[in-house]
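> Sharing data-v9.txt below, compact mmCIF, N, CA and C atoms:
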# COMPACT_ATOMS: atom_id res chain seq x y z
N MET A 1 -83.83 -55.25 -43.77
CA MET A 1 -82.88 -54.16 -43.69
C MET A 1 -82.03 -54.10 -44.96
N LYS A 2 -81.60 -55.26 -45.47
CA LYS A 2 -80.78 -55.29 -46.67
C LYS A 2 -81.57 -54.82 -47.88
N LYS A 3 -82.88 -55.18 -47.91
CA LYS A 3 -83.71 -54.74 -49.03
C LYS A 3 -83.84 -53.21 -49.04
N THR A 4 -84.03 -52.63 -47.88
CA THR A 4 -84.17 -51.18 -47.77
C THR A 4 -82.90 -50.48 -48.23
N THR A 5 -81.76 -50.99 -47.81
CA THR A 5 -80.47 -50.41 -48.20
C THR A 5 -80.26 -50.56 -49.70
N LEU A 6 -80.60 -51.72 -50.23
CA LEU A 6 -80.46 -51.97 -51.66
C LEU A 6 -81.36 -51.05 -52.48
N ILE A 7 -82.60 -50.90 -52.06
CA ILE A 7 -83.55 -50.02 -52.76
C ILE A 7 -83.08 -48.57 -52.68
N ALA A 8 -82.64 -48.13 -51.51
CA ALA A 8 -82.16 -46.75 -51.35
C ALA A 8 -80.94 -46.51 -52.24
N GLY A 9 -80.04 -47.48 -52.28
CA GLY A 9 -78.85 -47.34 -53.14
C GLY A 9 -79.22 -47.28 -54.60
N ALA A 10 -80.18 -48.10 -55.03
CA ALA A 10 -80.63 -48.11 -56.42
C ALA A 10 -81.28 -46.78 -56.78
N LEU A 11 -82.12 -46.26 -55.90
CA LEU A 11 -82.76 -44.96 -56.16
C LEU A 11 -81.74 -43.83 -56.23
N LEU A 12 -80.75 -43.87 -55.38
CA LEU A 12 -79.69 -42.86 -55.41
C LEU A 12 -78.92 -42.93 -56.72
N PHE A 13 -78.60 -44.13 -57.17
CA PHE A 13 -77.88 -44.30 -58.44
C PHE A 13 -78.72 -43.80 -59.61
N ILE A 14 -80.00 -44.13 -59.63
CA ILE A 14 -80.89 -43.69 -60.72
C ILE A 14 -81.01 -42.18 -60.72
N GLY A 15 -81.17 -41.60 -59.56
CA GLY A 15 -81.28 -40.14 -59.47
C GLY A 15 -80.02 -39.44 -59.93
N ALA A 16 -78.87 -39.98 -59.58
CA ALA A 16 -77.60 -39.37 -59.99
C ALA A 16 -77.38 -39.52 -61.49
N SER A 17 -77.81 -40.63 -62.06
CA SER A 17 -77.58 -40.83 -63.49
C SER A 17 -78.54 -40.01 -64.34
N LEU A 18 -79.69 -39.62 -63.80
CA LEU A 18 -80.65 -38.83 -64.57
C LEU A 18 -80.37 -37.34 -64.51
N SER A 19 -79.61 -36.89 -63.54
CA SER A 19 -79.32 -35.47 -63.43
C SER A 19 -78.27 -35.07 -64.45
N SER A 20 -78.43 -33.89 -65.02
CA SER A 20 -77.49 -33.39 -66.02
C SER A 20 -76.34 -32.65 -65.34
N CYS A 21 -75.18 -32.76 -65.93
CA CYS A 21 -74.02 -32.05 -65.41
C CYS A 21 -74.06 -30.61 -65.91
N THR A 22 -73.88 -29.70 -65.00
CA THR A 22 -73.82 -28.30 -65.39
C THR A 22 -72.42 -27.79 -65.11
N LYS A 23 -72.01 -26.83 -65.91
CA LYS A 23 -70.75 -26.14 -65.68
C LYS A 23 -70.85 -24.78 -66.34
N ASN A 24 -69.84 -23.97 -66.17
CA ASN A 24 -69.85 -22.64 -66.76
C ASN A 24 -69.47 -22.70 -68.23
N TYR A 25 -70.31 -22.13 -69.07
CA TYR A 25 -70.04 -22.00 -70.49
C TYR A 25 -70.01 -20.52 -70.83
N THR A 26 -69.02 -20.12 -71.64
CA THR A 26 -68.88 -18.73 -72.03
C THR A 26 -69.45 -18.53 -73.42
N CYS A 27 -70.33 -17.56 -73.51
CA CYS A 27 -70.95 -17.19 -74.78
C CYS A 27 -70.33 -15.86 -75.23
N THR A 28 -69.67 -15.88 -76.37
CA THR A 28 -69.03 -14.68 -76.90
C THR A 28 -69.78 -14.20 -78.13
N CYS A 29 -70.14 -12.92 -78.12
CA CYS A 29 -70.90 -12.35 -79.23
C CYS A 29 -70.08 -11.26 -79.91
N SER A 30 -70.23 -11.19 -81.22
CA SER A 30 -69.57 -10.13 -81.99
C SER A 30 -70.64 -9.40 -82.82
N LYS A 31 -70.38 -8.14 -83.07
CA LYS A 31 -71.32 -7.31 -83.83
C LYS A 31 -70.64 -6.89 -85.13
N THR A 32 -71.26 -7.21 -86.24
CA THR A 32 -70.71 -6.89 -87.56
C THR A 32 -71.58 -5.85 -88.23
N TYR A 33 -70.96 -4.72 -88.55
CA TYR A 33 -71.65 -3.66 -89.30
C TYR A 33 -71.36 -3.84 -90.78
N THR A 34 -72.39 -3.70 -91.59
CA THR A 34 -72.24 -3.78 -93.03
C THR A 34 -72.64 -2.43 -93.63
N THR A 35 -71.72 -1.89 -94.43
CA THR A 35 -71.99 -0.62 -95.11
C THR A 35 -71.67 -0.79 -96.59
N GLY A 36 -71.85 0.24 -97.35
CA GLY A 36 -71.53 0.19 -98.77
C GLY A 36 -70.04 -0.02 -99.01
N ASN A 37 -69.21 0.30 -98.02
CA ASN A 37 -67.75 0.17 -98.16
C ASN A 37 -67.22 -1.16 -97.67
N GLY A 38 -68.06 -2.04 -97.18
CA GLY A 38 -67.60 -3.33 -96.66
C GLY A 38 -68.22 -3.61 -95.30
N SER A 39 -67.48 -4.30 -94.46
CA SER A 39 -67.99 -4.63 -93.13
C SER A 39 -66.88 -4.55 -92.10
N SER A 40 -67.30 -4.38 -90.85
CA SER A 40 -66.34 -4.37 -89.74
C SER A 40 -66.96 -5.13 -88.58
N THR A 41 -66.14 -5.93 -87.92
CA THR A 41 -66.61 -6.76 -86.81
C THR A 41 -65.88 -6.38 -85.53
N LYS A 42 -66.63 -6.28 -84.44
CA LYS A 42 -66.06 -5.94 -83.14
C LYS A 42 -66.66 -6.86 -82.09
N ASN A 43 -65.89 -7.10 -81.02
CA ASN A 43 -66.44 -7.85 -79.89
C ASN A 43 -67.61 -7.06 -79.33
N TYR A 44 -68.67 -7.76 -79.01
CA TYR A 44 -69.88 -7.08 -78.55
C TYR A 44 -70.19 -7.36 -77.08
N SER A 45 -70.26 -8.63 -76.70
CA SER A 45 -70.57 -8.96 -75.31
C SER A 45 -70.13 -10.39 -75.00
N ILE A 46 -69.99 -10.65 -73.70
CA ILE A 46 -69.64 -11.98 -73.22
C ILE A 46 -70.60 -12.32 -72.08
N TYR A 47 -71.18 -13.50 -72.16
CA TYR A 47 -72.09 -14.00 -71.14
C TYR A 47 -71.54 -15.31 -70.59
N THR A 48 -71.82 -15.57 -69.32
CA THR A 48 -71.44 -16.84 -68.72
C THR A 48 -72.71 -17.52 -68.24
N TYR A 49 -72.90 -18.78 -68.66
CA TYR A 49 -74.07 -19.55 -68.26
C TYR A 49 -73.62 -20.78 -67.48
N ASP A 50 -74.19 -20.98 -66.30
CA ASP A 50 -73.96 -22.18 -65.50
C ASP A 50 -75.11 -23.11 -65.81
N ASP A 51 -74.90 -23.98 -66.79
CA ASP A 51 -75.98 -24.79 -67.31
C ASP A 51 -75.43 -26.00 -68.04
N THR A 52 -76.30 -26.80 -68.60
CA THR A 52 -75.84 -27.88 -69.47
C THR A 52 -75.40 -27.26 -70.80
N LYS A 53 -74.61 -27.98 -71.57
CA LYS A 53 -74.12 -27.42 -72.83
C LYS A 53 -75.26 -27.12 -73.79
N THR A 54 -76.24 -28.00 -73.86
CA THR A 54 -77.37 -27.80 -74.77
C THR A 54 -78.16 -26.54 -74.40
N THR A 55 -78.46 -26.37 -73.12
CA THR A 55 -79.23 -25.20 -72.67
C THR A 55 -78.40 -23.94 -72.81
N ALA A 56 -77.11 -24.00 -72.49
CA ALA A 56 -76.24 -22.83 -72.63
C ALA A 56 -76.14 -22.40 -74.10
N THR A 57 -76.06 -23.36 -75.01
CA THR A 57 -76.00 -23.05 -76.44
C THR A 57 -77.30 -22.38 -76.89
N THR A 58 -78.42 -22.90 -76.44
CA THR A 58 -79.72 -22.31 -76.79
C THR A 58 -79.82 -20.89 -76.26
N ARG A 59 -79.40 -20.67 -75.02
CA ARG A 59 -79.46 -19.33 -74.43
C ARG A 59 -78.50 -18.38 -75.15
N CYS A 60 -77.34 -18.90 -75.53
CA CYS A 60 -76.36 -18.08 -76.25
C CYS A 60 -76.91 -17.65 -77.60
N ASN A 61 -77.48 -18.61 -78.34
CA ASN A 61 -78.02 -18.31 -79.67
C ASN A 61 -79.18 -17.33 -79.61
N ALA A 62 -79.87 -17.26 -78.48
CA ALA A 62 -80.98 -16.32 -78.33
C ALA A 62 -80.51 -14.87 -78.33
N ASN A 63 -79.21 -14.64 -78.13
CA ASN A 63 -78.67 -13.28 -78.14
C ASN A 63 -78.39 -12.78 -79.55
N GLU A 64 -78.47 -13.64 -80.55
CA GLU A 64 -78.20 -13.24 -81.93
C GLU A 64 -79.33 -12.34 -82.43
N ASN A 65 -78.96 -11.36 -83.26
CA ASN A 65 -79.93 -10.36 -83.67
C ASN A 65 -79.44 -9.65 -84.92
N THR A 66 -80.33 -9.02 -85.63
CA THR A 66 -79.98 -8.12 -86.73
C THR A 66 -80.79 -6.86 -86.56
N GLY A 67 -80.29 -5.78 -87.15
CA GLY A 67 -80.99 -4.51 -87.05
C GLY A 67 -80.16 -3.39 -87.61
N SER A 68 -80.52 -2.19 -87.23
CA SER A 68 -79.75 -1.02 -87.65
C SER A 68 -79.77 0.02 -86.54
N ASP A 69 -78.70 0.81 -86.48
CA ASP A 69 -78.60 1.91 -85.54
C ASP A 69 -77.79 3.01 -86.21
N LEU A 70 -77.26 3.93 -85.45
CA LEU A 70 -76.51 5.05 -86.04
C LEU A 70 -75.28 4.58 -86.80
N GLY A 71 -74.75 3.41 -86.48
CA GLY A 71 -73.57 2.86 -87.15
C GLY A 71 -73.91 2.18 -88.47
N GLY A 72 -75.18 1.92 -88.73
CA GLY A 72 -75.61 1.25 -89.95
C GLY A 72 -76.29 -0.07 -89.65
N ASN A 73 -76.39 -0.91 -90.66
CA ASN A 73 -76.98 -2.24 -90.48
C ASN A 73 -75.99 -3.15 -89.78
N TYR A 74 -76.50 -3.99 -88.89
CA TYR A 74 -75.61 -4.87 -88.14
C TYR A 74 -76.22 -6.25 -87.97
N SER A 75 -75.35 -7.18 -87.63
CA SER A 75 -75.78 -8.52 -87.20
C SER A 75 -74.94 -8.90 -85.99
N ILE A 76 -75.58 -9.52 -85.03
CA ILE A 76 -74.89 -9.99 -83.82
C ILE A 76 -74.85 -11.51 -83.90
N ASN A 77 -73.66 -12.07 -83.86
CA ASN A 77 -73.46 -13.52 -83.91
C ASN A 77 -72.79 -13.97 -82.63
N CYS A 78 -73.29 -15.07 -82.06
CA CYS A 78 -72.78 -15.57 -80.79
C CYS A 78 -72.41 -17.03 -80.89
N SER A 79 -71.45 -17.45 -80.06
CA SER A 79 -71.06 -18.85 -80.02
C SER A 79 -70.54 -19.21 -78.63
N ILE A 80 -70.72 -20.48 -78.28
CA ILE A 80 -70.22 -21.01 -76.99
C ILE A 80 -68.74 -21.37 -77.17
N GLU A 81 -67.96 -21.00 -76.19
CA GLU A 81 -66.53 -21.34 -76.21
C GLU A 81 -66.20 -22.19 -75.02
Once you've parsed the file, please lay out its structure as structure tokens.

Amino acid sequence: MKKTTLIAGALLFIGASLSSCTKNYTCTCSKTYTTGNGSSTKNYSIYTYDDTKTTATTRCNANENTGSDLGGNYSINCSIE
């Protein structure tokens, strides 16, 4: 009986130590337009990820982009806060 309890406790400890802690991370993105007259930056979007910091950072960085639209050439930069 003691061996079973000891083994169960050890497995529970190992399982708890291998699991990653998740929490809410906020990803804030800004959009910067570049024109011949200079540049302007505005808040673009905010995302919330319930994940590990590494995975949330990867997901946040995936929102970065460059391109052009009616406002001109732009770049979207994101960061975890």
> How far is it from atom CA of Ile46 of chain A to atom N of Thr26 of chain A, in Å with one decimal?
8.3 Å
> Quick check, in Å to one decimal: how far apart do atom CA of Thr57 of chain A and atom N of Cys21 of chain A lie?
14.3 Å
> Which residue out of A:Thr55, A:Ser39, A:Ser45, A:Thr34 has the minimum interatomic distance to Asp69 of chain A when only C-alpha atoms are used?
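Ranked by minimum distance to Asp69 of chain A, first place goes to A:Thr34.
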> Could you state the separation of atom CA of Cys60 of chain A and atom N of Gly72 of chain A in Å, given to one decimal place?
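These atoms are spaced 23.6 Å apart.
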> I want to know what sits within 7 Å of Glu81 of chain A, based on all atoms listed in the file, with residues of the same chain fewer than 6 positions away left out; could you give that as a list in words?
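The filter keeps Tyr25, Thr26, Cys27 and Thr28 of chain A.
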> Between A:Leu70, A:Ile76, A:Ala56, A:Ala62, which has the minimum distance to Asn43 of chain A (counting only C-alpha atoms)?
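Among the listed residues, the smallest separation from Asn43 of chain A belongs to A:Ile76.
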> List as a list of chain:residue names the protein and nucleic acid residues near Gly71 of chain A, meaning an atom at most 8 Å away when only N, CA and C atoms are counted, but skip any in the same chain fewer than 3 places from it.
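My reading of the contact set: A:Tyr33, A:Thr34, A:Thr35, A:Ser68, A:Tyr74.
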> Run DSSP on the backbone of this structure and report the residues of segment 17-52 of chain A it assigns to strand (DSSP E or B), as an mmCIF file with N, CA and C atoms, in the coordinates of the input.

data_model
loop_
_atom_site.group_PDB
_atom_site.id
_atom_site.type_symbol
_atom_site.label_atom_id
_atom_site.label_comp_id
_atom_site.auth_asym_id
_atom_site.auth_seq_id
_atom_site.Cartn_x
_atom_site.Cartn_y
_atom_site.Cartn_z
ATOM 1 N N LYS A 23 -72.010 -26.830 -65.910
ATOM 2 C CA LYS A 23 -70.750 -26.140 -65.680
ATOM 3 C C LYS A 23 -70.850 -24.780 -66.340
ATOM 4 N N ASN A 24 -69.840 -23.970 -66.170
ATOM 5 C CA ASN A 24 -69.850 -22.640 -66.760
ATOM 6 C C ASN A 24 -69.470 -22.700 -68.230
ATOM 7 N N TYR A 25 -70.310 -22.130 -69.070
ATOM 8 C CA TYR A 25 -70.040 -22.000 -70.490
ATOM 9 C C TYR A 25 -70.010 -20.520 -70.830
ATOM 10 N N THR A 26 -69.020 -20.120 -71.640
ATOM 11 C CA THR A 26 -68.880 -18.730 -72.030
ATOM 12 C C THR A 26 -69.450 -18.530 -73.420
ATOM 13 N N CYS A 27 -70.330 -17.560 -73.510
ATOM 14 C CA CYS A 27 -70.950 -17.190 -74.780
ATOM 15 C C CYS A 27 -70.330 -15.860 -75.230
ATOM 16 N N THR A 28 -69.670 -15.880 -76.370
ATOM 17 C CA THR A 28 -69.030 -14.680 -76.900
ATOM 18 C C THR A 28 -69.780 -14.200 -78.130
ATOM 19 N N CYS A 29 -70.140 -12.920 -78.120
ATOM 20 C CA CYS A 29 -70.900 -12.350 -79.230
ATOM 21 C C CYS A 29 -70.080 -11.260 -79.910
ATOM 22 N N SER A 30 -70.230 -11.190 -81.220
ATOM 23 C CA SER A 30 -69.570 -10.130 -81.990
ATOM 24 C C SER A 30 -70.640 -9.400 -82.820
ATOM 25 N N LYS A 31 -70.380 -8.140 -83.070
ATOM 26 C CA LYS A 31 -71.320 -7.310 -83.830
ATOM 27 C C LYS A 31 -70.640 -6.890 -85.130
ATOM 28 N N THR A 32 -71.260 -7.210 -86.240
ATOM 29 C CA THR A 32 -70.710 -6.890 -87.560
ATOM 30 C C THR A 32 -71.580 -5.850 -88.230
ATOM 31 N N TYR A 33 -70.960 -4.720 -88.550
ATOM 32 C CA TYR A 33 -71.650 -3.660 -89.300
ATOM 33 C C TYR A 33 -71.360 -3.840 -90.780
ATOM 34 N N THR A 34 -72.390 -3.700 -91.590
ATOM 35 C CA THR A 34 -72.240 -3.780 -93.030
ATOM 36 C C THR A 34 -72.640 -2.430 -93.630
ATOM 37 N N THR A 35 -71.720 -1.890 -94.430
ATOM 38 C CA THR A 35 -71.990 -0.620 -95.110
ATOM 39 C C THR A 35 -71.670 -0.790 -96.590
ATOM 40 N N GLY A 38 -68.060 -2.040 -97.180
ATOM 41 C CA GLY A 38 -67.600 -3.330 -96.660
ATOM 42 C C GLY A 38 -68.220 -3.610 -95.300
ATOM 43 N N SER A 39 -67.480 -4.300 -94.460
ATOM 44 C CA SER A 39 -67.990 -4.630 -93.130
ATOM 45 C C SER A 39 -66.880 -4.550 -92.100
ATOM 46 N N SER A 40 -67.300 -4.380 -90.850
ATOM 47 C CA SER A 40 -66.340 -4.370 -89.740
ATOM 48 C C SER A 40 -66.960 -5.130 -88.580
ATOM 49 N N THR A 41 -66.140 -5.930 -87.920
ATOM 50 C CA THR A 41 -66.610 -6.760 -86.810
ATOM 51 C C THR A 41 -65.880 -6.380 -85.530
ATOM 52 N N LYS A 42 -66.630 -6.280 -84.440
ATOM 53 C CA LYS A 42 -66.060 -5.940 -83.140
ATOM 54 C C LYS A 42 -66.660 -6.860 -82.090
ATOM 55 N N ASN A 43 -65.890 -7.100 -81.020
ATOM 56 C CA ASN A 43 -66.440 -7.850 -79.890
ATOM 57 C C ASN A 43 -67.610 -7.060 -79.330
ATOM 58 N N TYR A 44 -68.670 -7.760 -79.010
ATOM 59 C CA TYR A 44 -69.880 -7.080 -78.550
ATOM 60 C C TYR A 44 -70.190 -7.360 -77.080
ATOM 61 N N SER A 45 -70.260 -8.630 -76.700
ATOM 62 C CA SER A 45 -70.570 -8.960 -75.310
ATOM 63 C C SER A 45 -70.130 -10.390 -75.000
ATOM 64 N N ILE A 46 -69.990 -10.650 -73.700
ATOM 65 C CA ILE A 46 -69.640 -11.980 -73.220
ATOM 66 C C ILE A 46 -70.600 -12.320 -72.080
ATOM 67 N N TYR A 47 -71.180 -13.500 -72.160
ATOM 68 C CA TYR A 47 -72.090 -14.000 -71.140
ATOM 69 C C TYR A 47 -71.540 -15.310 -70.590
ATOM 70 N N THR A 48 -71.820 -15.570 -69.320
ATOM 71 C CA THR A 48 -71.440 -16.840 -68.720
ATOM 72 C C THR A 48 -72.710 -17.520 -68.240
ATOM 73 N N TYR A 49 -72.900 -18.780 -68.660
ATOM 74 C CA TYR A 49 -74.070 -19.550 -68.260
ATOM 75 C C TYR A 49 -73.620 -20.780 -67.480
ATOM 76 N N ASP A 50 -74.190 -20.980 -66.300
ATOM 77 C CA ASP A 50 -73.960 -22.180 -65.500
ATOM 78 C C ASP A 50 -75.110 -23.110 -65.810
ATOM 79 N N ASP A 51 -74.900 -23.980 -66.790
ATOM 80 C CA ASP A 51 -75.980 -24.790 -67.310
ATOM 81 C C ASP A 51 -75.430 -26.000 -68.040
#
> As a list in words, please: every residue in segment 12-62 of chain A that DSSP puts in alpha helix (DSSP H).
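Matching residues, listed in order: Leu12, Phe13, Ile14, Gly15, Ala16, Ser17, Leu18, Lys53, Thr54, Thr55, Ala56, Thr57, Thr58, Arg59, Cys60 and Asn61 of chain A.
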